[in-house]
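What follows is a short report on a single structure.
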Amino acid sequence: MTDFINKINGIVWSEALIILCIGAGIYFSIATKFLQITNFRDMLRLLFAKATNDSGVSSFQAFSVALCGRIGTGNIVGVATAIAMGGPGAVFWMWVIAILGSATAYIEATLGQIYKEKKDSEYRGGPAYYIEKGMGVKWYAMLFALVTIVSTGLLLPGVQSNSISSGMRTAFEIPTHYTAIALVVLTLLIISGGIKRISKFSEIIIPIMSGGYILLALIIIGMNIGQVPEMFSLIIRSAFGMEEAFGGIIGAAIAWGVKRGIYSNEAGQGTAPHAAAAAAVTHPAKQGLVQAFSIYVDTLLVCTATAFIILITGQYNVTPADSEALITHIPGVNYTAFTQYAIAHHFPAMGSAFVAIALFCFAFTTIIAYYYMAETNFAYLDKKNQYFKYGKWVIALMVLASTYYGAVKTADVAWTLGDIGVGSMAWLNLIAILILHKPALKALRDYRAQKKQGKDPDFNPTELGIKNAEFWNEEENQNK
């Protein structure tokens, strides 16, 4: 059974998915006239825009909830894995996929806004909603919703909680079942308040955890400032096979950099549109641009912080799959400990503790985001709102059970199943947004045109020829 699951995972996360992600990023970058550069100032300005009504959350709150999903164990363990398997050059390719993925993130988030609904005084949206309304293929939308519920409600929370409990046990010798109970209680306290409480928690914890982690990286870089030019040179030389030690693994550098970048920032996977749809804005492109910026925060800031901490201290090994070790700076240490050893290199007393706390923050917020995604997709399936009152608690129990089980029991198959779930979401969503991207492009052109006229852009889908955007049509009629 394990071999069969591994084969399925190999098919889902094959080179075809990597090529699809890169191809989509390149196409959307060209189609949007490289919004990740041309609209960068708008991203920053819109980030702190207030909510336009009480039904939705602010742009920053939606941004924070989406980052809860993006920033997780991949920002620490995933980066270390990329360096271990692809060498320092993998970091460069993570940057490339982040820049390309920013355009993809805009497309999916804007679609989430265009085709959102208002349900129980809250905004709901995501791939399932825009697949049904934009493509008109209901079975495909239901398939995405079911895959997402199983993945984010049952499979993935345990993967995150396992990292938390392992880190706490290693750093503080806390028994795993104590950590499991604490996680369940904290998770229940936050998710029971719905998107409002989740978003308020997210907008507080995201700046603290990301800012603190980046600050430590800057301190370590400052302590090794003379080595910064050589570190950048090593990354570039390794990325293009010009470094003798890594000359034979340029393919591994690209593959692992792209794969870990995609896995970390989640551009195109269909996770962030759920949070993006919850924002109360006057134009869908506004939240699309904000979510495009979230890719930069995840990869260019947080992932890069991990990479720089590891590389500038030299606390890493490079051992590509089925190959002999090319670099062995830390004898006998698994690559997941790279960050701990790198921090301990300068701060011996806090290496394990800091990484354990960082993992707790990153992974815990991801569990919260998973619950919201699963709940939103259940809301989509429950069209008539007959079972939502009870169904959301079933979803909550699934997430809590997965969180507890993952924290107390290590199961490699659970990690693989989680990978299959996320990969399946990516396949379904990427195909959908490649078919359905034109409304998002129309929204961007409309946003830019109104900005050029000196207006604060508002959205009228009828004028743009966008059909089935019922929420925005109702808003337009109310404003007349």
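Labels used: A, B, ... for chains in the order of the structure tokens, numbers from 1 for residues in each chain, and numbers from 1 for ligands as shown.
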Q.
Report as a ChimeraX atom specification all protein, DNA and RNA residues lying within 9 Å of Thr366 of chain A, evaluated on only C-alpha atoms, omitting residues in the same chain fewer than 2 positions from it.
A. /A:65,67-73,157,160,361-364,368-371
Once you have the residues from the selection above, write them out as an mmCIF file, in the first residue's frame, restricted to C-alpha atoms.
```cif
data_model
loop_
_atom_site.group_PDB
_atom_site.id
_atom_site.type_symbol
_atom_site.label_atom_id
_atom_site.label_comp_id
_atom_site.auth_asym_id
_atom_site.auth_seq_id
_atom_site.Cartn_x
_atom_site.Cartn_y
_atom_site.Cartn_z
ATOM 1 C CA VAL A 65 -5.314 34.561 6.459
ATOM 2 C CA LEU A 67 -0.333 33.930 4.474
ATOM 3 C CA CYS A 68 -1.365 31.598 7.294
ATOM 4 C CA GLY A 69 -1.844 28.970 4.603
ATOM 5 C CA ARG A 70 1.280 29.889 2.647
ATOM 6 C CA ILE A 71 3.717 30.180 5.558
ATOM 7 C CA GLY A 72 4.181 26.769 7.167
ATOM 8 C CA THR A 73 6.753 24.040 7.679
ATOM 9 C CA PRO A 157 -3.522 19.383 9.656
ATOM 10 C CA GLN A 160 1.663 20.475 10.454
ATOM 11 C CA CYS A 361 3.760 29.690 14.867
ATOM 12 C CA PHE A 362 4.116 28.850 11.183
ATOM 13 C CA ALA A 363 2.451 25.441 11.364
ATOM 14 C CA PHE A 364 -0.307 26.407 13.814
ATOM 15 C CA ILE A 368 -6.233 27.488 11.173
ATOM 16 C CA ALA A 369 -6.172 28.348 7.464
ATOM 17 C CA TYR A 370 -6.856 24.704 6.561
ATOM 18 C CA TYR A 371 -10.012 24.735 8.667
#
```
Could you build a table of the residues in segment 101-148 of chain A lying no more than 10 Å from segment 246-266 of chain A, giving for each the nearest pair of atoms and their separation in Å rounded to one decimal place, using only C-alpha atoms, ordered by chain and ascending residue number, as CSV?
```
residue,atom,partner,partner_atom,distance
A:Gly101,CA,A:Ile262,CA,8.0
A:Ser102,CA,A:Asn265,CA,9.2
A:Thr104,CA,A:Glu266,CA,9.9
A:Ala105,CA,A:Glu266,CA,8.4
```
Generate a file of the selected residues that holds C-alpha atoms, formatted as a PDB file, in the first residue's frame.
```
ATOM      1  CA  GLY A 101       3.872  32.757  -9.198  1.00  0.00           C
ATOM      2  CA  SER A 102       2.906  36.273  -8.156  1.00  0.00           C
ATOM      3  CA  THR A 104      -0.699  33.329 -10.955  1.00  0.00           C
ATOM      4  CA  ALA A 105      -1.706  34.370  -7.433  1.00  0.00           C
TER       5      ALA A 105
END
```
(Q) When you look at Leu359 of chain A with a cut-off of 10 Å (counting only C-alpha atoms), what residues show up, excluding the ones that are within fewer than 5 positions of it in the same chain? I need them as a PyMOL selection string. (A) chain A and resi 71-77+160-161+163-168+209+353-354+364-365
Restrict the selected residues to N, CA and C atoms and save them as an mmCIF file, in the first residue's frame.
```
data_model
loop_
_atom_site.group_PDB
_atom_site.id
_atom_site.type_symbol
_atom_site.label_atom_id
_atom_site.label_comp_id
_atom_site.auth_asym_id
_atom_site.auth_seq_id
_atom_site.Cartn_x
_atom_site.Cartn_y
_atom_site.Cartn_z
ATOM 1 N N ILE A 71 2.554 30.309 4.681
ATOM 2 C CA ILE A 71 3.717 30.180 5.558
ATOM 3 C C ILE A 71 3.503 29.005 6.501
ATOM 4 N N GLY A 72 4.300 27.962 6.336
ATOM 5 C CA GLY A 72 4.181 26.769 7.167
ATOM 6 C C GLY A 72 5.522 26.086 7.309
ATOM 7 N N THR A 73 5.504 24.781 7.497
ATOM 8 C CA THR A 73 6.753 24.040 7.679
ATOM 9 C C THR A 73 7.654 24.136 6.454
ATOM 10 N N GLY A 74 7.048 24.372 5.284
ATOM 11 C CA GLY A 74 7.836 24.478 4.069
ATOM 12 C C GLY A 74 8.831 25.623 4.101
ATOM 13 N N ASN A 75 8.533 26.668 4.891
ATOM 14 C CA ASN A 75 9.426 27.816 4.967
ATOM 15 C C ASN A 75 10.699 27.518 5.764
ATOM 16 N N ILE A 76 10.667 26.465 6.557
ATOM 17 C CA ILE A 76 11.863 26.067 7.310
ATOM 18 C C ILE A 76 12.389 24.741 6.792
ATOM 19 N N VAL A 77 11.584 23.699 6.915
ATOM 20 C CA VAL A 77 12.006 22.359 6.503
ATOM 21 C C VAL A 77 12.140 22.280 4.979
ATOM 22 N N GLN A 160 1.173 19.272 9.772
ATOM 23 C CA GLN A 160 1.663 20.475 10.454
ATOM 24 C C GLN A 160 1.844 20.224 11.953
ATOM 25 N N SER A 161 0.865 19.566 12.588
ATOM 26 C CA SER A 161 0.959 19.334 14.035
ATOM 27 C C SER A 161 2.100 18.392 14.380
ATOM 28 N N SER A 163 5.027 18.338 12.930
ATOM 29 C CA SER A 163 6.230 19.181 12.971
ATOM 30 C C SER A 163 6.297 19.960 14.280
ATOM 31 N N ILE A 164 5.149 20.444 14.736
ATOM 32 C CA ILE A 164 5.112 21.203 15.988
ATOM 33 C C ILE A 164 5.519 20.332 17.166
ATOM 34 N N SER A 165 4.881 19.161 17.286
ATOM 35 C CA SER A 165 5.158 18.293 18.440
ATOM 36 C C SER A 165 6.589 17.777 18.433
ATOM 37 N N SER A 166 7.110 17.484 17.243
ATOM 38 C CA SER A 166 8.494 17.019 17.145
ATOM 39 C C SER A 166 9.463 18.107 17.589
ATOM 40 N N GLY A 167 9.198 19.341 17.146
ATOM 41 C CA GLY A 167 10.053 20.455 17.537
ATOM 42 C C GLY A 167 9.994 20.733 19.016
ATOM 43 N N MET A 168 8.812 20.667 19.598
ATOM 44 C CA MET A 168 8.660 20.916 21.032
ATOM 45 C C MET A 168 9.315 19.823 21.864
ATOM 46 N N MET A 209 5.237 36.842 13.843
ATOM 47 C CA MET A 209 6.046 35.654 13.579
ATOM 48 C C MET A 209 6.966 35.859 12.376
ATOM 49 N N ALA A 353 15.378 25.889 20.351
ATOM 50 C CA ALA A 353 14.194 26.531 20.924
ATOM 51 C C ALA A 353 13.557 27.500 19.931
ATOM 52 N N PHE A 354 14.397 28.323 19.272
ATOM 53 C CA PHE A 354 13.848 29.310 18.345
ATOM 54 C C PHE A 354 13.156 28.635 17.172
ATOM 55 N N PHE A 364 0.986 26.230 13.158
ATOM 56 C CA PHE A 364 -0.307 26.407 13.814
ATOM 57 C C PHE A 364 -1.227 27.305 12.993
ATOM 58 N N THR A 365 -0.680 28.404 12.479
ATOM 59 C CA THR A 365 -1.506 29.294 11.660
ATOM 60 C C THR A 365 -1.967 28.593 10.384
#
```
Q: Give the alpha helix (DSSP H) residues of segment 24-202 of chain A, as DSSP finds them on the backbone, and put them as an MDAnalysis selection string.
A: chainID A and resid 24:31 35:38 40:46 59:70 77:86 89:114 127:130 138:150 156:172 176:191 194:202
**Q.** Nearby residues (only C-alpha atoms) at most 8 Å from Val91 of chain A, same-chain spacing under 4 positions excluded, as a PyMOL selection string
**A.** chain A and resi 79+82-83+95+235+239+257+304+307
Q.
as a list of chain:residue names, please: the residues near Val185 of chain A (cut-off 12 Å, only C-alpha atoms, same-chain neighbours under 6 positions excluded).
A.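 Listed by chain and then number, they are A:Tyr178, A:Thr179, A:Ile191, A:Ser192, A:Phe364, A:Ala396, A:Leu397, A:Val399, A:Leu400, A:Ala401, A:Thr403, A:Tyr404.
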Q. Can you list, as a PyMOL selection string, every residue of segment 266-423 of chain A that DSSP puts in strand (DSSP E)?
A. chain A and resi 317-318+327-328
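If you measure from each of A:Thr299, A:Asn429, A:Ser199, A:Gln315 to Ala109 of chain A using only C-alpha atoms, the closest one turns out to be A:Asn429.
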Q: Name the residues in contact with segment 287-291 of chain A at a cut-off of 6 Å, using only C-alpha atoms, excluding same-chain residues fewer than 5 positions from it; report them as an MDAnalysis selection string.
A: chainID A and resid 43 47 106 109:110
Could you name the residues that touch segment 215-224 of chain A at 7 Å or less, counting only C-alpha atoms, but leaving out those on the same chain fewer than 3 positions away, as an mmCIF file with N, CA and C atoms, in the first residue's frame?
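The new file around.cif reads:
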```
data_model
loop_
_atom_site.group_PDB
_atom_site.id
_atom_site.type_symbol
_atom_site.label_atom_id
_atom_site.label_comp_id
_atom_site.auth_asym_id
_atom_site.auth_seq_id
_atom_site.Cartn_x
_atom_site.Cartn_y
_atom_site.Cartn_z
ATOM 1 N N GLY A 211 7.968 38.848 11.105
ATOM 2 C CA GLY A 211 8.911 39.911 11.429
ATOM 3 C C GLY A 211 10.023 39.437 12.349
ATOM 4 N N GLY A 212 9.669 38.649 13.368
ATOM 5 C CA GLY A 212 10.678 38.144 14.298
ATOM 6 C C GLY A 212 11.669 37.218 13.621
ATOM 7 N N GLN A 227 30.640 38.033 4.428
ATOM 8 C CA GLN A 227 30.443 36.829 3.629
ATOM 9 C C GLN A 227 29.248 36.926 2.676
ATOM 10 N N ALA A 305 14.959 34.172 4.240
ATOM 11 C CA ALA A 305 15.554 34.289 5.575
ATOM 12 C C ALA A 305 16.132 32.949 6.019
ATOM 13 N N ILE A 309 20.178 32.160 6.531
ATOM 14 C CA ILE A 309 20.659 31.685 7.834
ATOM 15 C C ILE A 309 21.501 30.429 7.660
#
```
